[in-house]
>>> print(open('protein-v7.txt').read())   # compact mmCIF, C-alpha atoms (C1' of nucleotides)
# COMPACT_ATOMS: atom_id res chain seq x y z
CA MET A 36 -17.47 255.83 108.37
CA PRO A 37 -18.54 253.92 111.51
CA GLU A 38 -21.41 251.52 111.02
CA ALA A 39 -23.57 253.31 113.53
CA GLU A 40 -23.70 256.38 111.30
CA LEU A 41 -25.16 254.52 108.35
CA SER A 42 -28.83 255.02 107.65
CA THR A 43 -31.02 251.93 107.59
CA GLU A 44 -31.24 252.08 103.82
CA GLU A 45 -27.47 252.21 103.55
CA LYS A 46 -27.09 249.32 105.96
CA ILE A 47 -29.46 247.24 103.86
CA LEU A 48 -27.67 248.04 100.62
CA LYS A 49 -24.31 247.22 102.16
CA ALA A 50 -25.59 243.91 103.50
CA ALA A 51 -27.38 243.03 100.27
CA GLU A 52 -24.22 243.69 98.32
CA GLU A 53 -22.22 241.37 100.55
CA VAL A 54 -24.74 238.53 100.48
CA PHE A 55 -25.73 238.72 96.81
CA MET A 56 -22.12 238.95 95.67
CA ARG A 57 -21.13 235.97 97.76
CA ASP A 58 -24.13 233.67 97.26
CA GLY A 59 -25.68 234.85 93.99
CA TYR A 60 -29.35 235.62 93.53
CA ASP A 61 -30.66 232.08 93.87
CA GLY A 62 -28.37 231.27 96.79
CA SER A 63 -29.21 234.39 98.77
CA ARG A 64 -31.87 234.59 101.47
CA MET A 65 -33.63 237.73 102.58
CA GLN A 66 -33.13 236.52 106.15
CA ASP A 67 -29.34 236.48 105.66
CA ILE A 68 -29.39 240.02 104.36
CA ALA A 69 -31.49 241.14 107.32
CA ASP A 70 -29.09 239.44 109.73
CA VAL A 71 -26.02 241.05 108.18
CA ALA A 72 -27.74 244.43 108.21
CA GLY A 73 -28.76 243.93 111.84
CA ILE A 74 -32.46 244.41 111.19
CA ASN A 75 -35.42 242.16 110.45
CA LYS A 76 -36.89 240.87 107.24
CA ALA A 77 -40.00 243.03 107.27
CA LEU A 78 -37.88 246.14 107.08
CA LEU A 79 -36.23 244.92 103.91
CA HIS A 80 -39.58 244.82 102.21
CA TYR A 81 -40.49 248.19 103.60
CA TYR A 82 -37.48 249.82 101.92
CA PHE A 83 -37.34 247.69 98.77
CA ARG A 84 -40.54 246.02 97.74
CA SER A 85 -39.10 242.62 96.81
CA LYS A 86 -35.96 240.53 96.53
CA ASP A 87 -35.93 241.21 92.80
CA LYS A 88 -35.99 244.96 93.27
CA LEU A 89 -33.25 244.88 95.86
CA PHE A 90 -31.10 242.68 93.66
CA GLU A 91 -31.54 244.99 90.71
CA LYS A 92 -30.26 247.90 92.79
CA ILE A 93 -27.09 245.98 93.61
CA PHE A 94 -26.56 244.73 90.08
CA ASP A 95 -26.98 248.16 88.55
CA ALA A 96 -24.13 249.42 90.66
CA LYS A 97 -21.86 246.44 90.07
CA ILE A 98 -22.21 246.24 86.31
CA GLN A 99 -20.74 249.71 86.09
CA VAL A 100 -17.70 248.52 88.00
CA PHE A 101 -17.23 245.31 86.05
CA PHE A 102 -17.50 246.97 82.64
CA PRO A 103 -15.75 250.18 83.52
CA ARG A 104 -15.81 253.31 81.46
CA LEU A 105 -12.23 254.25 82.19
CA GLU A 106 -12.70 257.74 80.85
CA GLN A 107 -9.30 258.68 82.22
CA ALA A 108 -7.37 256.69 79.65
CA PHE A 109 -9.65 256.01 76.78
CA TYR A 110 -10.84 259.49 76.12
CA GLN A 111 -7.29 260.74 76.10
CA ASP A 112 -5.26 260.67 72.94
CA LEU A 113 -2.93 257.85 73.90
CA PRO A 114 -1.55 255.16 71.59
CA PHE A 115 -3.64 251.97 71.55
CA MET A 116 -0.92 249.91 73.20
CA GLU A 117 -0.68 252.28 76.14
CA LYS A 118 -4.43 252.23 76.56
CA VAL A 119 -4.38 248.46 76.78
CA GLU A 120 -1.51 248.53 79.25
CA PHE A 121 -3.41 251.00 81.36
CA PHE A 122 -6.50 248.83 81.20
CA ILE A 123 -4.62 245.73 82.38
CA GLU A 124 -3.13 247.61 85.29
CA GLN A 125 -6.37 249.19 86.42
CA TYR A 126 -8.53 246.16 85.86
CA ILE A 127 -6.42 243.59 87.69
CA GLY A 128 -6.13 246.10 90.50
CA LEU A 129 -9.89 246.38 90.56
CA LEU A 130 -10.43 242.63 90.66
CA ARG A 131 -7.90 242.18 93.43
CA ASN A 132 -10.23 244.31 95.51
CA ASN A 133 -13.44 242.69 94.21
CA PRO A 134 -12.84 238.95 94.02
CA TYR A 135 -16.51 237.94 93.70
CA LEU A 136 -17.35 240.52 91.06
CA PRO A 137 -16.71 238.49 87.88
CA LEU A 138 -18.74 235.44 88.84
CA PHE A 139 -21.57 237.60 90.12
CA VAL A 140 -21.87 239.64 86.95
CA LEU A 141 -21.35 236.74 84.55
CA ASN A 142 -23.98 234.68 86.32
CA THR A 143 -26.53 237.44 86.18
CA ILE A 144 -26.10 238.25 82.51
CA ASN A 145 -26.25 234.54 81.62
CA LYS A 146 -29.63 234.00 83.23
CA ARG A 147 -32.13 233.16 80.51
CA ASP A 148 -35.09 235.06 81.91
CA ASN A 149 -33.10 238.11 82.95
CA SER A 150 -32.04 239.27 79.52
CA ASP A 151 -32.87 242.83 80.60
CA PHE A 152 -29.66 242.84 82.58
CA ILE A 153 -27.59 242.53 79.43
CA LYS A 154 -28.84 245.84 78.20
CA LYS A 155 -27.27 247.57 81.16
CA VAL A 156 -23.75 246.71 80.08
CA PRO A 157 -21.87 249.84 78.99
CA ALA A 158 -21.16 248.94 75.40
CA GLU A 159 -18.92 251.73 74.18
CA LEU A 160 -15.73 250.52 75.83
CA SER A 161 -14.84 247.79 73.37
CA GLN A 162 -16.10 249.82 70.41
CA ARG A 163 -13.77 252.65 71.33
CA LEU A 164 -10.87 250.30 71.78
CA ILE A 165 -11.41 248.84 68.34
CA MET A 166 -11.55 252.30 66.78
CA SER A 167 -8.38 253.19 68.59
CA TYR A 168 -6.68 250.07 67.23
CA ASN A 169 -7.71 250.88 63.68
CA ALA A 170 -6.30 254.39 63.91
CA ASP A 171 -2.88 253.23 65.05
CA PHE A 172 -2.87 250.27 62.68
CA GLN A 173 -3.33 252.50 59.68
CA GLN A 174 -0.22 254.39 60.74
CA GLY A 175 1.71 251.13 60.68
CA LYS A 176 2.27 251.19 64.42
CA LEU A 177 0.53 247.88 65.08
CA ARG A 178 0.54 244.36 63.74
CA ALA A 179 -2.48 243.18 61.75
CA ILE A 180 -4.70 241.28 64.15
CA ASN A 181 -8.44 241.04 64.74
CA PRO A 182 -9.09 243.81 67.28
CA LEU A 183 -12.33 242.28 68.56
CA GLN A 184 -10.64 238.95 69.28
CA PHE A 185 -7.79 240.83 70.87
CA VAL A 186 -10.04 242.77 73.24
CA ILE A 187 -11.83 239.59 74.27
CA SER A 188 -8.45 238.00 74.89
CA VAL A 189 -7.19 240.77 77.12
CA MET A 190 -10.34 240.69 79.21
CA GLY A 191 -10.16 236.92 79.46
CA MET A 192 -6.54 236.98 80.57
CA CYS A 193 -7.34 239.54 83.27
CA ILE A 194 -10.54 237.97 84.57
CA PHE A 195 -10.07 234.22 84.32
CA PRO A 196 -7.65 233.68 87.22
CA PHE A 197 -10.18 235.24 89.58
CA LEU A 198 -12.83 232.80 88.39
CA GLY A 199 -10.59 229.76 88.70
CA ARG A 200 -9.02 231.00 91.89
CA PRO A 201 -10.00 228.09 94.17
CA VAL A 202 -8.52 225.62 91.71
CA LEU A 203 -5.34 227.62 91.25
CA GLN A 204 -4.81 227.99 94.96
CA ASN A 205 -5.37 224.30 95.50
CA MET A 206 -3.17 223.29 92.57
CA PHE A 207 -0.20 225.33 93.68
CA LYS A 208 -0.77 225.17 97.42
CA ALA A 209 -1.10 228.94 97.53
CA ASP A 210 -2.88 230.94 100.20
CA SER A 211 -4.68 234.23 99.63
CA ASN A 212 -1.49 236.23 99.96
CA ALA A 213 0.37 234.12 97.44
CA PHE A 214 -2.53 234.42 95.02
CA ASP A 215 -2.64 238.17 95.39
CA LYS A 216 1.09 238.35 94.80
CA LEU A 217 0.65 236.26 91.67
CA MET A 218 -1.95 238.69 90.39
CA GLU A 219 0.31 241.62 91.09
CA GLN A 220 3.06 239.99 89.04
CA ARG A 221 0.51 239.15 86.39
CA ILE A 222 0.15 242.79 85.44
CA GLU A 223 3.70 243.00 84.09
CA GLU A 224 3.50 239.55 82.51
CA LEU A 225 0.40 240.47 80.52
CA LYS A 226 1.95 243.73 79.39
CA VAL A 227 4.80 241.72 77.90
CA TYR A 228 2.36 239.46 76.09
CA ILE A 229 0.39 242.25 74.52
CA ARG A 230 3.53 244.07 73.42
CA LEU A 231 4.75 240.92 71.71
CA ILE A 232 1.39 240.48 70.00
CA LEU A 233 0.92 244.09 68.90
CA THR A 234 4.43 245.14 67.90
CA PRO A 235 4.87 244.71 64.13
CA MET B 141 -30.56 206.33 70.62
CA PRO B 142 -34.33 207.06 70.78
CA GLU B 143 -35.55 208.41 74.09
CA ALA B 144 -37.88 205.48 74.65
CA GLU B 145 -34.94 203.12 74.92
CA LEU B 146 -33.33 204.95 77.80
CA SER B 147 -33.65 203.38 81.21
CA THR B 148 -35.26 205.48 83.92
CA GLU B 149 -31.91 206.07 85.55
CA GLU B 150 -30.48 207.30 82.28
CA LYS B 151 -33.46 209.55 81.69
CA ILE B 152 -32.98 211.09 85.13
CA LEU B 153 -29.27 211.69 84.59
CA LYS B 154 -29.91 213.25 81.21
CA ALA B 155 -32.58 215.54 82.62
CA ALA B 156 -30.50 216.44 85.69
CA GLU B 157 -27.57 217.34 83.48
CA GLU B 158 -29.73 219.64 81.39
CA VAL B 159 -31.36 221.41 84.34
CA PHE B 160 -28.32 221.68 86.61
CA MET B 161 -26.12 222.95 83.78
CA ARG B 162 -28.67 225.54 82.81
CA ASP B 163 -29.89 226.75 86.21
CA GLY B 164 -27.06 225.87 88.58
CA TYR B 165 -27.50 224.02 91.85
CA ASP B 166 -29.39 226.73 93.74
CA GLY B 167 -31.54 227.60 90.76
CA SER B 168 -32.55 224.03 89.96
CA ARG B 169 -35.73 222.34 91.21
CA MET B 170 -36.23 218.64 91.62
CA GLN B 171 -39.65 219.15 90.08
CA ASP B 172 -38.07 220.60 86.93
CA ILE B 173 -35.76 217.63 86.62
CA ALA B 174 -38.67 215.24 87.06
CA ASP B 175 -40.67 217.10 84.41
CA VAL B 176 -37.84 217.01 81.90
CA ALA B 177 -37.29 213.33 82.59
CA GLY B 178 -41.00 212.66 82.23
CA ILE B 179 -41.38 211.08 85.66
CA ASN B 180 -42.35 212.31 89.13
CA LYS B 181 -40.32 213.65 92.02
CA ALA B 182 -40.60 210.58 94.20
CA LEU B 183 -38.78 208.53 91.64
CA LEU B 184 -35.85 210.91 91.69
CA HIS B 185 -35.37 210.22 95.37
CA TYR B 186 -35.78 206.52 94.81
CA TYR B 187 -32.84 206.42 92.41
CA PHE B 188 -30.66 209.11 94.00
CA ARG B 189 -31.27 209.77 97.64
CA SER B 190 -31.10 213.56 97.53
CA LYS B 191 -30.60 216.61 95.37
CA ASP B 192 -27.03 216.81 96.63
CA LYS B 193 -26.22 213.26 95.61
CA LEU B 194 -27.74 213.71 92.17
CA PHE B 195 -25.84 216.95 91.67
CA GLU B 196 -22.58 215.32 92.64
CA LYS B 197 -23.09 212.64 90.00
CA ILE B 198 -23.48 215.30 87.32
CA PHE B 199 -20.59 217.41 88.55
CA ASP B 200 -18.20 214.46 88.71
CA ALA B 201 -18.80 213.82 85.05
CA LYS B 202 -18.57 217.46 83.97
CA ILE B 203 -15.40 218.36 85.83
CA GLN B 204 -13.57 215.73 83.81
CA VAL B 205 -14.73 217.41 80.63
CA PHE B 206 -13.91 220.95 81.73
CA PHE B 207 -10.41 220.10 82.95
CA PRO B 208 -9.58 217.56 80.30
CA ARG B 209 -6.70 215.15 80.46
CA LEU B 210 -5.91 215.34 76.77
CA GLU B 211 -3.66 212.33 76.97
CA GLN B 212 -3.51 212.28 73.21
CA ALA B 213 -1.30 215.32 72.95
CA PHE B 214 0.30 215.86 76.29
CA TYR B 215 1.69 212.43 76.84
CA GLN B 216 3.24 212.46 73.39
CA ASP B 217 6.66 213.92 72.85
CA LEU B 218 5.55 217.05 71.03
CA PRO B 219 7.13 220.50 71.31
CA PHE B 220 5.44 222.73 73.88
CA MET B 221 4.15 225.14 71.31
CA GLU B 222 2.39 222.39 69.38
CA LYS B 223 0.84 221.09 72.55
CA VAL B 224 -0.61 224.50 73.28
CA GLU B 225 -1.89 224.84 69.74
CA PHE B 226 -3.53 221.45 70.02
CA PHE B 227 -5.08 222.45 73.33
CA ILE B 228 -6.59 225.64 71.90
CA GLU B 229 -8.07 223.77 68.99
CA GLN B 230 -9.55 220.96 71.06
CA TYR B 231 -10.75 223.15 73.89
CA ILE B 232 -12.58 225.77 71.88
CA GLY B 233 -14.15 222.94 69.93
CA LEU B 234 -15.28 221.41 73.19
CA LEU B 235 -16.80 224.64 74.47
CA ARG B 236 -18.62 225.27 71.23
CA ASN B 237 -20.50 222.07 72.00
CA ASN B 238 -20.89 222.77 75.73
CA PRO B 239 -21.79 226.43 76.15
CA TYR B 240 -22.97 226.18 79.76
CA LEU B 241 -20.02 224.15 80.96
CA PRO B 242 -17.66 226.93 82.12
CA LEU B 243 -20.16 228.82 84.26
CA PHE B 244 -21.46 225.60 85.77
CA VAL B 245 -18.04 224.36 86.81
CA LEU B 246 -16.71 227.73 87.97
CA ASN B 247 -19.80 228.33 90.08
CA THR B 248 -19.52 224.98 91.77
CA ILE B 249 -15.85 225.23 92.65
CA ASN B 250 -16.36 228.75 93.99
CA LYS B 251 -19.00 227.75 96.49
CA ARG B 252 -17.64 228.31 99.95
CA ASP B 253 -19.10 225.25 101.61
CA ASN B 254 -18.43 222.89 98.72
CA SER B 255 -14.66 222.94 98.85
CA ASP B 256 -14.71 219.16 98.35
CA PHE B 257 -15.46 219.79 94.71
CA ILE B 258 -12.12 221.49 94.18
CA LYS B 259 -10.32 218.30 95.02
CA LYS B 260 -11.90 216.59 92.06
CA VAL B 261 -10.13 218.83 89.56
CA PRO B 262 -7.53 216.86 87.62
CA ALA B 263 -4.41 218.72 88.63
CA GLU B 264 -1.69 217.20 86.48
CA LEU B 265 -2.58 219.00 83.28
CA SER B 266 -1.02 222.35 84.10
CA GLN B 267 1.88 220.76 85.91
CA ARG B 268 2.75 218.74 82.84
CA LEU B 269 2.45 221.77 80.61
CA ILE B 270 4.86 223.70 82.80
CA MET B 271 7.38 220.86 82.74
CA SER B 272 7.03 220.68 79.00
CA TYR B 273 7.73 224.41 78.75
CA ASN B 274 10.83 224.14 80.88
CA ALA B 275 12.24 221.36 78.74
CA ASP B 276 11.89 223.31 75.51
CA PHE B 277 13.01 226.56 77.11
CA GLN B 278 16.31 225.05 78.20
CA GLN B 279 16.95 224.13 74.59
CA GLY B 280 16.51 227.77 73.62
CA LYS B 281 13.37 227.05 71.64
CA LEU B 282 11.12 229.35 73.67
CA ARG B 283 11.14 232.88 74.99
CA ALA B 284 11.58 233.39 78.76
CA ILE B 285 8.11 233.84 80.21
CA ASN B 286 6.33 232.66 83.34
CA PRO B 287 4.82 229.33 82.29
CA LEU B 288 2.16 229.35 85.00
CA GLN B 289 0.94 232.79 83.98
CA PHE B 290 1.03 231.68 80.39
CA VAL B 291 -1.12 228.60 81.00
CA ILE B 292 -3.67 230.67 82.92
CA SER B 293 -3.72 233.11 80.04
CA VAL B 294 -4.36 230.50 77.39
CA MET B 295 -7.22 229.03 79.40
CA GLY B 296 -8.65 232.49 79.99
CA MET B 297 -8.50 233.39 76.32
CA CYS B 298 -10.29 230.18 75.37
CA ILE B 299 -12.97 230.23 78.07
CA PHE B 300 -13.87 233.88 78.60
CA PRO B 301 -15.88 234.53 75.42
CA PHE B 302 -18.24 231.71 76.38
CA LEU B 303 -18.82 233.32 79.76
CA GLY B 304 -19.43 236.77 78.34
CA ARG B 305 -21.37 235.44 75.40
CA PRO B 306 -24.68 237.25 76.03
CA VAL B 307 -22.86 240.57 76.25
CA LEU B 308 -20.79 239.91 73.15
CA GLN B 309 -23.81 238.90 71.13
CA ASN B 310 -25.70 241.96 72.27
CA MET B 311 -22.77 244.29 71.69
CA PHE B 312 -22.14 243.18 68.14
CA LYS B 313 -25.70 242.28 67.22
CA ALA B 314 -24.63 238.70 66.61
CA ASP B 315 -26.88 235.65 66.67
CA SER B 316 -25.81 232.16 67.74
CA ASN B 317 -24.44 231.33 64.33
CA ALA B 318 -22.35 234.46 64.14
CA PHE B 319 -20.99 233.77 67.61
CA ASP B 320 -20.08 230.23 66.70
CA LYS B 321 -18.35 231.44 63.58
CA LEU B 322 -16.40 233.94 65.69
CA MET B 323 -15.25 231.12 67.96
CA GLU B 324 -14.19 229.06 65.00
CA GLN B 325 -12.07 231.94 63.73
CA ARG B 326 -10.77 232.45 67.23
CA ILE B 327 -8.81 229.22 67.10
CA GLU B 328 -6.44 230.53 64.44
CA GLU B 329 -6.26 233.97 66.03
CA LEU B 330 -5.14 232.55 69.37
CA LYS B 331 -2.57 230.34 67.69
CA VAL B 332 -1.04 233.48 66.20
CA TYR B 333 -0.94 235.14 69.62
CA ILE B 334 0.80 232.28 71.34
CA ARG B 335 3.35 231.93 68.56
CA LEU B 336 4.20 235.60 68.88
CA ILE B 337 4.54 235.28 72.63
CA LEU B 338 6.57 232.08 72.68
CA THR B 339 8.90 232.50 69.73
CA PRO B 340 12.25 233.91 70.92
C1' DG C 146 -39.68 253.46 110.86
C1' DT C 147 -39.35 249.30 113.19
C1' DC C 148 -40.94 245.36 115.27
C1' DT C 149 -43.68 240.54 115.97
C1' DA C 150 -46.62 237.49 114.04
C1' DT C 151 -48.50 235.27 110.23
C1' DA C 152 -50.16 234.34 105.52
C1' DT C 153 -49.05 231.81 101.47
C1' DA C 154 -46.37 229.24 98.60
C1' DA C 155 -42.60 226.31 97.24
C1' DG C 156 -39.19 222.87 97.71
C1' DG C 157 -37.01 218.61 99.39
C1' DA C 158 -38.02 214.35 101.08
C1' DT C 159 -40.87 210.27 102.60
C1' DA C 160 -45.00 206.86 103.29
C1' DG C 161 -47.66 203.68 101.41
C1' DA C 162 -50.65 201.79 97.65
C1' DC C 163 -50.17 199.30 93.41
C1' DG D 278 -40.27 200.35 89.98
C1' DT D 279 -43.60 203.79 89.76
C1' DC D 280 -47.26 206.44 91.29
C1' DT D 281 -50.29 209.77 94.53
C1' DA D 282 -50.59 212.02 98.61
C1' DT D 283 -48.49 214.26 102.27
C1' DC D 284 -45.09 215.79 105.81
C1' DC D 285 -41.82 219.22 107.15
C1' DT D 286 -39.08 223.00 106.51
C1' DT D 287 -37.90 227.16 104.50
C1' DA D 288 -38.78 231.48 101.69
C1' DT D 289 -40.91 235.57 100.21
C1' DA D 290 -44.06 238.71 101.42
C1' DT D 291 -47.66 241.17 104.17
C1' DA D 292 -50.67 242.71 108.31
C1' DG D 293 -50.94 245.20 112.11
C1' DA D 294 -49.23 246.86 116.71
C1' DC D 295 -46.17 250.32 118.58
>>> encode(input="protein-v7.txt", output="structure tokens")
Amino acid sequence: MPEAELSTEEKILKAAEEVFMRDGYDGSRMQDIADVAGINKALLHYYFRSKDKLFEKIFDAKIQVFFPRLEQAFYQDLPFMEKVEFFIEQYIGLLRNNPYLPLFVLNTINKRDNSDFIKKVPAELSQRLIMSYNADFQQGKLRAINPLQFVISVMGMCIFPFLGRPVLQNMFKADSNAFDKLMEQRIEELKVYIRLILTP
Amino acid sequence: MPEAELSTEEKILKAAEEVFMRDGYDGSRMQDIADVAGINKALLHYYFRSKDKLFEKIFDAKIQVFFPRLEQAFYQDLPFMEKVEFFIEQYIGLLRNNPYLPLFVLNTINKRDNSDFIKKVPAELSQRLIMSYNADFQQGKLRAINPLQFVISVMGMCIFPFLGRPVLQNMFKADSNAFDKLMEQRIEELKVYIRLILTP
DNA sequence: GTCTATATAAGGATAGAC
DNA sequence: GTCTATCCTTATATAGAC
């Protein structure tokens, strides 16, 4: 869709997303958002009453992406291991297209005053995974581990390289392409790890 | 050491550490730091010329903690697997005492303009680990994996729960004590994982 | 709906007295 | 070294014309 066809409200939301994701709430300026949107500051306040309100709109959308529901795989009757493999594949793919997402979300939910934001996290995902583990474990198909710790571990393995990206690229003299390639390879590597951990 | 015995410079550094770690660079106010230190703003600028300079002092100290050198284990002639186990133990212990550290460091190194900060990361740690892996692998003591991906994974597994802490606590109705207990248990859990991955 | 101009406040930094 | 007072710039937000 060409930019000219976007409504003013859409242009603002698009610009706000870009600026907030890149600079965080504290680092963002309403003027920057107006510039990116190609309008002036006053219009921002006309559409969204305040910086807080505008930010909330963006966050509400992004939290749903960062903690995905993944209905496709998790509501199907797949073995636990395949669900995890599917998650790794989808999630690293997602982050490759949304490099700023993790830091943005983690910053927001860690803000002391903004504890409301935490409540917006879709909570069922990990609960369902744990139930799925227990079902397969009781059939002897999985090794005895702590499913909560395991779920945290899988998320950490997927997300962390995107958080430490500048360091990794500097350490191994990699450009953006090399990093992306590394993340593509990472999918298969992590699948090997989780199979080794879960197979009895 | 009682607070009264601290020099003004020490009081400022202590207060700056607290505020910067908690609120980040953009979210911190010189006034807040002065208040915590029990002095006034002007004195901050007398001791450290600017907010930037003061921040740099704090960051320089913290980056050394977040990317530790761990000479104790890694310069000794231990098997790779034991080095990793030692790392997990030490590092989770460190983070349990420094909950804000990961987000603080990751935010700073991800700032576009502040790419100077990246250069301050001690880079040898992962390089040494990879060399150590290769040595043991050639003796047939380890499974064939990608050592770089493995090192990223171990760091991610250790660090991520501290980043997602508010969500985890909310999701599982855990207070600070329960979370800390979970992290203590996590040490042994992760050791199991890495043994399963690395053992041929 | 969109703009210019401006109110109001906050934040970093400095001057100058003690 | 430490304080009060203040300068200067920047930010959010609003008023009012078109």
>>> interface_residues(input="protein-v7.txt", of="chain B", to="chain A", cutoff="7 Å", atoms="all atoms listed in the file", output="list in words")
Asp166, Gly167, Leu246, Ile249, Asn250, Ile258, Ala263, Gln289, Ile292, Ser293, Gly296, Met297, Phe300, Pro301, Leu303, Gly304, Pro306, Val307, Met311, Arg326, Tyr333, Leu336 and Ile337 of chain B
>>> write_last_selection(input="protein-v7.txt", atoms="C-alpha atoms", output="PDB file, in the coordinates of the input")
ATOM      1  CA  ASP B 166     -29.390 226.730  93.740  1.00  0.00           C
ATOM      2  CA  GLY B 167     -31.540 227.600  90.760  1.00  0.00           C
ATOM      3  CA  LEU B 246     -16.710 227.730  87.970  1.00  0.00           C
ATOM      4  CA  ILE B 249     -15.850 225.230  92.650  1.00  0.00           C
ATOM      5  CA  ASN B 250     -16.360 228.750  93.990  1.00  0.00           C
ATOM      6  CA  ILE B 258     -12.120 221.490  94.180  1.00  0.00           C
ATOM      7  CA  ALA B 263      -4.410 218.720  88.630  1.00  0.00           C
ATOM      8  CA  GLN B 289       0.940 232.790  83.980  1.00  0.00           C
ATOM      9  CA  ILE B 292      -3.670 230.670  82.920  1.00  0.00           C
ATOM     10  CA  SER B 293      -3.720 233.110  80.040  1.00  0.00           C
ATOM     11  CA  GLY B 296      -8.650 232.490  79.990  1.00  0.00           C
ATOM     12  CA  MET B 297      -8.500 233.390  76.320  1.00  0.00           C
ATOM     13  CA  PHE B 300     -13.870 233.880  78.600  1.00  0.00           C
ATOM     14  CA  PRO B 301     -15.880 234.530  75.420  1.00  0.00           C
ATOM     15  CA  LEU B 303     -18.820 233.320  79.760  1.00  0.00           C
ATOM     16  CA  GLY B 304     -19.430 236.770  78.340  1.00  0.00           C
ATOM     17  CA  PRO B 306     -24.680 237.250  76.030  1.00  0.00           C
ATOM     18  CA  VAL B 307     -22.860 240.570  76.250  1.00  0.00           C
ATOM     19  CA  MET B 311     -22.770 244.290  71.690  1.00  0.00           C
ATOM     20  CA  ARG B 326     -10.770 232.450  67.230  1.00  0.00           C
ATOM     21  CA  TYR B 333      -0.940 235.140  69.620  1.00  0.00           C
ATOM     22  CA  LEU B 336       4.200 235.600  68.880  1.00  0.00           C
ATOM     23  CA  ILE B 337       4.540 235.280  72.630  1.00  0.00           C
TER      24      ILE B 337
END
>>> interface_residues(input="protein-v7.txt", of="chain C", to="chain A", cutoff="12 Å", atoms="all atoms listed in the file", output="PDB file with C-alpha atoms (C1' of nucleotides), in the frame of the given file")
ATOM      1  C1'  DG C 146     -39.680 253.460 110.860  1.00  0.00           C
ATOM      2  C1'  DT C 147     -39.350 249.300 113.190  1.00  0.00           C
ATOM      3  C1'  DC C 148     -40.940 245.360 115.270  1.00  0.00           C
ATOM      4  C1'  DT C 149     -43.680 240.540 115.970  1.00  0.00           C
ATOM      5  C1'  DA C 150     -46.620 237.490 114.040  1.00  0.00           C
ATOM      6  C1'  DT C 151     -48.500 235.270 110.230  1.00  0.00           C
TER       7       DT C 151
END
>>> closest_residue(input="protein-v7.txt", among="B:Leu153, B:Met161, B:Gln278, B:His185", to="chain D", atoms="all atoms listed in the file")
B:His185
>>> residues_around(input="protein-v7.txt", residues="stretch 213-228 of chain B", least_positions_apart="3", cutoff="7 Å", atoms="all atoms listed in the file", output="MDAnalysis selection string")
chainID B and resid 210 231:232 272:273 276 298 327 331
>>> residues_around(input="protein-v7.txt", residues="C:DG156", least_positions_apart="4", cutoff="10 Å", atoms="all atoms listed in the file", output="number ranges by chain")
B: 169-171; D: 286-288
>>> residues_around(input="protein-v7.txt", residues="D:DA282", least_positions_apart="2", cutoff="10 Å", atoms="all atoms listed in the file", output="PyMOL selection string")
(chain C and resi 160-161) or (chain D and resi 280+284)
>>> closest_atom_pairs(input="protein-v7.txt", of="chain D", to="chain A", cutoff="9 Å", atoms="all atoms listed in the file", output="tab-separated table")
residue	atom	partner	partner_atom	distance
D:DA288	C1'	A:Arg64	CA	7.6
D:DT289	C1'	A:Lys86	CA	7.9
D:DA290	C1'	A:His80	CA	7.6
D:DT291	C1'	A:Ala77	CA	8.5
>>> atom_distance(input="protein-v7.txt", atom1="atom CA of A:Ile165", atom2="atom CA of A:Arg104")
14.5 Å
>>> atom_distance(input="protein-v7.txt", atom1="atom CA of A:Ala179", atom2="atom CA of A:Leu164")
14.9 Å
>>> build_atoms(input="protein-v7.txt", residues="stretch 203-209 of chain B", atoms="N, CA, C and O atoms", output="PDB file, in the frame of the given file")
ATOM      1  N   ILE B 203     -16.709 217.814  85.482  1.00  0.00           N
ATOM      2  CA  ILE B 203     -15.400 218.360  85.830  1.00  0.00           C
ATOM      3  C   ILE B 203     -14.308 217.682  84.993  1.00  0.00           C
ATOM      4  O   ILE B 203     -13.295 218.300  84.659  1.00  0.00           O
ATOM      5  N   GLN B 204     -14.541 216.447  84.641  1.00  0.00           N
ATOM      6  CA  GLN B 204     -13.570 215.730  83.810  1.00  0.00           C
ATOM      7  C   GLN B 204     -13.547 216.271  82.385  1.00  0.00           C
ATOM      8  O   GLN B 204     -12.545 216.154  81.682  1.00  0.00           O
ATOM      9  N   VAL B 205     -14.669 216.838  81.979  1.00  0.00           N
ATOM     10  CA  VAL B 205     -14.730 217.410  80.630  1.00  0.00           C
ATOM     11  C   VAL B 205     -14.091 218.803  80.629  1.00  0.00           C
ATOM     12  O   VAL B 205     -13.353 219.170  79.726  1.00  0.00           O
ATOM     13  N   PHE B 206     -14.386 219.561  81.694  1.00  0.00           N
ATOM     14  CA  PHE B 206     -13.910 220.950  81.730  1.00  0.00           C
ATOM     15  C   PHE B 206     -12.399 221.032  81.927  1.00  0.00           C
ATOM     16  O   PHE B 206     -11.737 221.885  81.337  1.00  0.00           O
ATOM     17  N   PHE B 207     -11.863 220.179  82.789  1.00  0.00           N
ATOM     18  CA  PHE B 207     -10.410 220.100  82.950  1.00  0.00           C
ATOM     19  C   PHE B 207      -9.947 218.800  82.311  1.00  0.00           C
ATOM     20  O   PHE B 207      -9.716 217.801  82.993  1.00  0.00           O
ATOM     21  N   PRO B 208      -9.795 218.825  81.012  1.00  0.00           N
ATOM     22  CA  PRO B 208      -9.580 217.560  80.300  1.00  0.00           C
ATOM     23  C   PRO B 208      -8.169 217.030  80.541  1.00  0.00           C
ATOM     24  O   PRO B 208      -7.269 217.762  80.949  1.00  0.00           O
ATOM     25  N   ARG B 209      -8.023 215.778  80.302  1.00  0.00           N
ATOM     26  CA  ARG B 209      -6.700 215.150  80.460  1.00  0.00           C
ATOM     27  C   ARG B 209      -5.896 215.270  79.175  1.00  0.00           C
ATOM     28  O   ARG B 209      -4.709 215.479  79.192  1.00  0.00           O
TER      29      ARG B 209
END
